[in-house]
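Student: My questions will all concern the structure given below.
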Amino acid sequence: RKIPMETEGRMIKTRFTEMFGVDHPIVQGGMQWVGRAELVAAVANAGALGMITALTQPTPDDLRKEIARCRELTDKPFGVNLTILPAIKPPPYAEYRQAIIESGIKIVETAGNKPQEHVDEFKKHGVKVLHKCTSVRHALSAERMGADAISIDGFECAGHPGEDDIPGLVLIPAAADKVTIPMIASGGIGEGRGLAAALALGADPVRLIGFADALRPDAVMALDALHGLGLETSILSGDNAQAVAQVARQTGLTAQASASPQDKHEAIARPTA
């Protein structure tokens, strides 16, 4: 499917950026022990979607405090990841969920198990839910349950118990052909060229672990070269111009990379006649 996109200066708009109120189609992975206020606020302030990991906090009250601490560091949107793994003695998921709702969070990622109970409760309180999936069938199931968006996790993503060893280059387009809600491409994406490739495969945003590099202007603008698939002309500015021009050629575009008088690289891609 062709993802509707607009470019405004160095901003790339997709359905995901519009729905979740962020500047860039990039999501920080909900990493256990890492998704704390400082990291999440830094991602949010850079224009992407940061995620606090709920279970990094030992209790629901600690999660409330971490959310409040994050709000002291940013006034931009951010979310909370609630991983609901099956366990003999599970954490008090319902209490963590209530802490998220009472803290006024409006974006939640669920992962690890069937999320219906949580989706229903979050939606009652106006919370947008994205669910992490490792297969097309799970993505379609999450869509039927009412998820607003899904994350499709290829084999490269790791950290999820349901992986079927299907790599992202196969799984992302397979899901894009079936899923109608916004879809995050997760796994093996660490800089602008991967970001551009994932959008060409049908993702709306991408999830990155090495997001600090990916948020550089050249990485964000790398998307433009592949947007030529649906646009008359696309221009890329940044250090990755040569590499992105090569990717553009492989997708059926005529592409050219050059340096401007200001020594600023540009890659120009036009649809092949």
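Residue numbering restarts at 1 in every chain; chains get A, B, ... in the order shown in the structure tokens, and ligands count up from 1 in that same order.
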I need the residues in range 11-145 of chain A that are strand (DSSP E or B) according to DSSP; give them as a PDB file with N, CA and C atoms, in the first residue's frame.

Tutor:
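File produced: selection.pdb:
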ATOM      1  N   MET A  11      10.133  18.249   8.051  1.00  0.00           N
ATOM      2  CA  MET A  11       9.141  17.417   8.723  1.00  0.00           C
ATOM      3  C   MET A  11       8.522  16.436   7.725  1.00  0.00           C
ATOM      4  N   ILE A  12       8.339  15.192   8.135  1.00  0.00           N
ATOM      5  CA  ILE A  12       7.632  14.202   7.337  1.00  0.00           C
ATOM      6  C   ILE A  12       6.354  13.851   8.075  1.00  0.00           C
ATOM      7  N   LYS A  13       5.214  14.064   7.443  1.00  0.00           N
ATOM      8  CA  LYS A  13       3.929  13.762   8.066  1.00  0.00           C
ATOM      9  C   LYS A  13       3.375  12.446   7.518  1.00  0.00           C
ATOM     10  N   ILE A  26       9.028   8.394  14.073  1.00  0.00           N
ATOM     11  CA  ILE A  26      10.010   7.587  14.795  1.00  0.00           C
ATOM     12  C   ILE A  26       9.500   7.337  16.206  1.00  0.00           C
ATOM     13  N   VAL A  27       9.603   6.088  16.649  1.00  0.00           N
ATOM     14  CA  VAL A  27       9.150   5.698  17.989  1.00  0.00           C
ATOM     15  C   VAL A  27      10.315   5.067  18.737  1.00  0.00           C
ATOM     16  N   GLN A  28      10.539   5.493  19.958  1.00  0.00           N
ATOM     17  CA  GLN A  28      11.562   4.880  20.809  1.00  0.00           C
ATOM     18  C   GLN A  28      11.027   3.557  21.344  1.00  0.00           C
ATOM     19  N   LEU A  49       8.370   9.946  19.280  1.00  0.00           N
ATOM     20  CA  LEU A  49       7.513   9.449  20.358  1.00  0.00           C
ATOM     21  C   LEU A  49       8.328   8.607  21.327  1.00  0.00           C
ATOM     22  N   GLY A  50       8.499   9.092  22.551  1.00  0.00           N
ATOM     23  CA  GLY A  50       9.200   8.352  23.592  1.00  0.00           C
ATOM     24  C   GLY A  50       8.238   7.492  24.399  1.00  0.00           C
ATOM     25  N   MET A  51       8.763   6.403  24.971  1.00  0.00           N
ATOM     26  CA  MET A  51       7.944   5.466  25.735  1.00  0.00           C
ATOM     27  C   MET A  51       8.582   5.140  27.081  1.00  0.00           C
ATOM     28  N   ILE A  52       7.907   5.488  28.174  1.00  0.00           N
ATOM     29  CA  ILE A  52       8.286   5.005  29.496  1.00  0.00           C
ATOM     30  C   ILE A  52       7.889   3.542  29.598  1.00  0.00           C
ATOM     31  N   THR A  53       8.766   2.703  30.121  1.00  0.00           N
ATOM     32  CA  THR A  53       8.398   1.303  30.347  1.00  0.00           C
ATOM     33  C   THR A  53       7.825   1.153  31.746  1.00  0.00           C
ATOM     34  N   PHE A  78       4.278  11.937  25.001  1.00  0.00           N
ATOM     35  CA  PHE A  78       5.022  10.695  25.205  1.00  0.00           C
ATOM     36  C   PHE A  78       4.046   9.635  25.686  1.00  0.00           C
ATOM     37  N   GLY A  79       4.462   8.390  25.636  1.00  0.00           N
ATOM     38  CA  GLY A  79       3.566   7.299  26.009  1.00  0.00           C
ATOM     39  C   GLY A  79       4.170   6.393  27.054  1.00  0.00           C
ATOM     40  N   VAL A  80       3.426   5.326  27.376  1.00  0.00           N
ATOM     41  CA  VAL A  80       3.878   4.324  28.337  1.00  0.00           C
ATOM     42  C   VAL A  80       3.716   2.943  27.719  1.00  0.00           C
ATOM     43  N   ASN A  81       4.744   2.134  27.834  1.00  0.00           N
ATOM     44  CA  ASN A  81       4.681   0.735  27.399  1.00  0.00           C
ATOM     45  C   ASN A  81       4.263  -0.133  28.579  1.00  0.00           C
ATOM     46  N   LEU A  82       3.200  -0.920  28.391  1.00  0.00           N
ATOM     47  CA  LEU A  82       2.749  -1.868  29.413  1.00  0.00           C
ATOM     48  C   LEU A  82       2.827  -3.266  28.819  1.00  0.00           C
ATOM     49  N   THR A  83       3.852  -4.007  29.215  1.00  0.00           N
ATOM     50  CA  THR A  83       4.041  -5.372  28.718  1.00  0.00           C
ATOM     51  C   THR A  83       3.314  -6.335  29.632  1.00  0.00           C
ATOM     52  N   ILE A 107      -1.281   7.959  25.366  1.00  0.00           N
ATOM     53  CA  ILE A 107      -0.718   7.004  24.405  1.00  0.00           C
ATOM     54  C   ILE A 107      -0.128   5.833  25.184  1.00  0.00           C
ATOM     55  N   VAL A 108      -0.565   4.625  24.853  1.00  0.00           N
ATOM     56  CA  VAL A 108      -0.065   3.426  25.527  1.00  0.00           C
ATOM     57  C   VAL A 108       0.285   2.374  24.487  1.00  0.00           C
ATOM     58  N   GLU A 109       1.401   1.690  24.724  1.00  0.00           N
ATOM     59  CA  GLU A 109       1.736   0.508  23.932  1.00  0.00           C
ATOM     60  C   GLU A 109       1.561  -0.725  24.807  1.00  0.00           C
ATOM     61  N   THR A 110       0.802  -1.699  24.310  1.00  0.00           N
ATOM     62  CA  THR A 110       0.672  -2.984  24.995  1.00  0.00           C
ATOM     63  C   THR A 110       1.491  -4.022  24.229  1.00  0.00           C
ATOM     64  N   ALA A 111       1.935  -5.050  24.937  1.00  0.00           N
ATOM     65  CA  ALA A 111       2.767  -6.076  24.316  1.00  0.00           C
ATOM     66  C   ALA A 111       2.753  -7.330  25.164  1.00  0.00           C
ATOM     67  N   LYS A 128      -5.118   6.372  23.362  1.00  0.00           N
ATOM     68  CA  LYS A 128      -4.805   5.682  22.109  1.00  0.00           C
ATOM     69  C   LYS A 128      -3.895   4.506  22.412  1.00  0.00           C
ATOM     70  N   VAL A 129      -4.211   3.364  21.809  1.00  0.00           N
ATOM     71  CA  VAL A 129      -3.476   2.138  22.092  1.00  0.00           C
ATOM     72  C   VAL A 129      -2.795   1.632  20.830  1.00  0.00           C
ATOM     73  N   LEU A 130      -1.492   1.369  20.936  1.00  0.00           N
ATOM     74  CA  LEU A 130      -0.814   0.636  19.870  1.00  0.00           C
ATOM     75  C   LEU A 130      -0.329  -0.680  20.477  1.00  0.00           C
ATOM     76  N   HIS A 131      -0.439  -1.753  19.711  1.00  0.00           N
ATOM     77  CA  HIS A 131      -0.112  -3.084  20.228  1.00  0.00           C
ATOM     78  C   HIS A 131       1.030  -3.690  19.435  1.00  0.00           C
ATOM     79  N   LYS A 132       1.974  -4.280  20.150  1.00  0.00           N
ATOM     80  CA  LYS A 132       3.146  -4.879  19.518  1.00  0.00           C
ATOM     81  C   LYS A 132       2.824  -6.296  19.061  1.00  0.00           C
ATOM     82  N   CYS A 133       3.087  -6.588  17.781  1.00  0.00           N
ATOM     83  CA  CYS A 133       2.742  -7.882  17.178  1.00  0.00           C
ATOM     84  C   CYS A 133       3.949  -8.465  16.446  1.00  0.00           C
TER      85      CYS A 133
END

Student: So that I can see what lies close to range 165-180 of chain A, please list as a PyMOL selection string the residues with an atom at most 12 Å from it, counting only C-alpha atoms and leaving out residues fewer than 5 positions away in the same chain.

Tutor: chain A and resi 1-3+15+133-144+146-158+160+185-189+194+197-207

Student: What gap, in Å, lies between CA of Ile67 in chain A and CA of Pro25 in chain A?

Tutor: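 Interatomic distance here is 22.5 Å.
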
Student: Pick out the residues sitting within 12 Å of Ser103 in chain A, and hand them over as a compact mmCIF listing (two decimals) with N, CA, C and O atoms, in the first residue's frame; count only C-alpha atoms, and ignore anything fewer than 6 positions along from it in its own chain.

Tutor:
# COMPACT_ATOMS: atom_id res chain seq x y z
N PRO A 60 3.09 0.53 40.88
CA PRO A 60 2.28 1.51 40.17
C PRO A 60 2.50 2.94 40.67
O PRO A 60 2.49 3.88 39.88
N ASP A 61 2.70 3.11 41.97
CA ASP A 61 2.96 4.46 42.50
C ASP A 61 4.28 5.02 41.98
O ASP A 61 4.39 6.22 41.69
N ASP A 62 5.28 4.15 41.85
CA ASP A 62 6.55 4.59 41.27
C ASP A 62 6.36 5.01 39.82
O ASP A 62 7.02 5.95 39.34
N LEU A 63 5.48 4.32 39.10
CA LEU A 63 5.20 4.70 37.72
C LEU A 63 4.56 6.09 37.67
O LEU A 63 4.93 6.92 36.82
N ARG A 64 3.64 6.36 38.59
CA ARG A 64 3.04 7.70 38.65
C ARG A 64 4.12 8.78 38.83
O ARG A 64 4.10 9.82 38.17
N LYS A 65 5.06 8.51 39.71
CA LYS A 65 6.14 9.47 39.98
C LYS A 65 7.02 9.65 38.74
O LYS A 65 7.47 10.76 38.44
N GLU A 66 7.29 8.56 38.03
CA GLU A 66 8.15 8.65 36.84
C GLU A 66 7.46 9.43 35.72
O GLU A 66 8.11 10.22 35.02
N ILE A 67 6.16 9.24 35.56
CA ILE A 67 5.41 10.02 34.58
C ILE A 67 5.46 11.51 34.93
O ILE A 67 5.68 12.36 34.06
N ALA A 68 5.26 11.82 36.22
CA ALA A 68 5.32 13.22 36.66
C ALA A 68 6.71 13.79 36.42
O ALA A 68 6.86 14.96 36.01
N ARG A 69 7.74 12.99 36.67
CA ARG A 69 9.11 13.45 36.47
C ARG A 69 9.38 13.73 34.99
O ARG A 69 10.05 14.71 34.64
N CYS A 70 8.84 12.89 34.12
CA CYS A 70 9.01 13.09 32.68
C CYS A 70 8.33 14.39 32.23
O CYS A 70 8.86 15.13 31.40
N ARG A 71 7.19 14.70 32.83
CA ARG A 71 6.47 15.93 32.47
C ARG A 71 7.23 17.18 32.89
O ARG A 71 7.02 18.25 32.32
N GLY A 79 4.46 8.39 25.64
CA GLY A 79 3.57 7.30 26.01
C GLY A 79 4.17 6.39 27.05
O GLY A 79 5.28 6.63 27.55
N VAL A 80 3.43 5.33 27.38
CA VAL A 80 3.88 4.32 28.34
C VAL A 80 3.72 2.94 27.72
O VAL A 80 2.67 2.64 27.12
N TYR A 96 -1.20 -1.06 37.35
CA TYR A 96 -0.33 -0.24 36.49
C TYR A 96 -1.19 0.50 35.45
O TYR A 96 -0.95 1.68 35.17
N ARG A 97 -2.16 -0.21 34.91
CA ARG A 97 -3.05 0.41 33.92
C ARG A 97 -3.79 1.59 34.54
O ARG A 97 -3.89 2.66 33.92
N HIS A 125 -11.21 5.73 28.44
CA HIS A 125 -10.64 6.95 29.00
C HIS A 125 -9.90 7.78 27.94
O HIS A 125 -9.08 8.64 28.28
N VAL A 127 -7.64 6.93 25.73
CA VAL A 127 -6.22 6.63 25.53
C VAL A 127 -6.05 5.91 24.19
O VAL A 127 -6.76 4.94 23.92

Student: Expressed in Å to a single decimal, how great is the separation between CA of Pro115 in chain A and CA of Tyr93 in chain A?

Tutor: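 Going from CA of Pro115 in chain A over to CA of Tyr93 in chain A covers 11.1 Å.
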
Student: Ala41 in chain A: which residues within 7 Å, counting only C-alpha atoms, same-chain residues fewer than 2 positions away excluded, as a PyMOL selection string?

Tutor: chain A and resi 37-39+43-45+50+70+73-74

Student: CA of Lys124 in chain A and CA of Val40 in chain A, how far apart in Å?

Tutor: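 Between these atoms lies a distance of 25.4 Å.
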
Student: Using DSSP on the backbone coordinates, identify all residues within range 60-137 of chain A classified as alpha helix (DSSP H); present the result as a ChimeraX atom specification.

Tutor: /A:60-73,93-102,116-124,136-137

Student: Could you pull the residues within 7 Å of Asn113 in chain A, counting only C-alpha atoms, minus those fewer than 4 positions along the same chain, as a VMD selection string?

Tutor: chain A and resid 84 to 86

Student: Emit the selected residues as a PDB file, in the first residue's frame, including N, CA and C atoms.

Tutor:
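Produced file out05.pdb, reproduced below:
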ATOM      1  N   ILE A  84       2.412  -7.125  29.042  1.00  0.00           N
ATOM      2  CA  ILE A  84       1.490  -7.966  29.815  1.00  0.00           C
ATOM      3  C   ILE A  84       1.800  -9.449  29.592  1.00  0.00           C
ATOM      4  N   LEU A  85       3.011  -9.825  29.934  1.00  0.00           N
ATOM      5  CA  LEU A  85       3.435 -11.211  29.734  1.00  0.00           C
ATOM      6  C   LEU A  85       2.681 -12.160  30.655  1.00  0.00           C
ATOM      7  N   PRO A  86       2.323 -13.343  30.145  1.00  0.00           N
ATOM      8  CA  PRO A  86       1.729 -14.345  31.040  1.00  0.00           C
ATOM      9  C   PRO A  86       2.755 -14.811  32.059  1.00  0.00           C
TER      10      PRO A  86
END
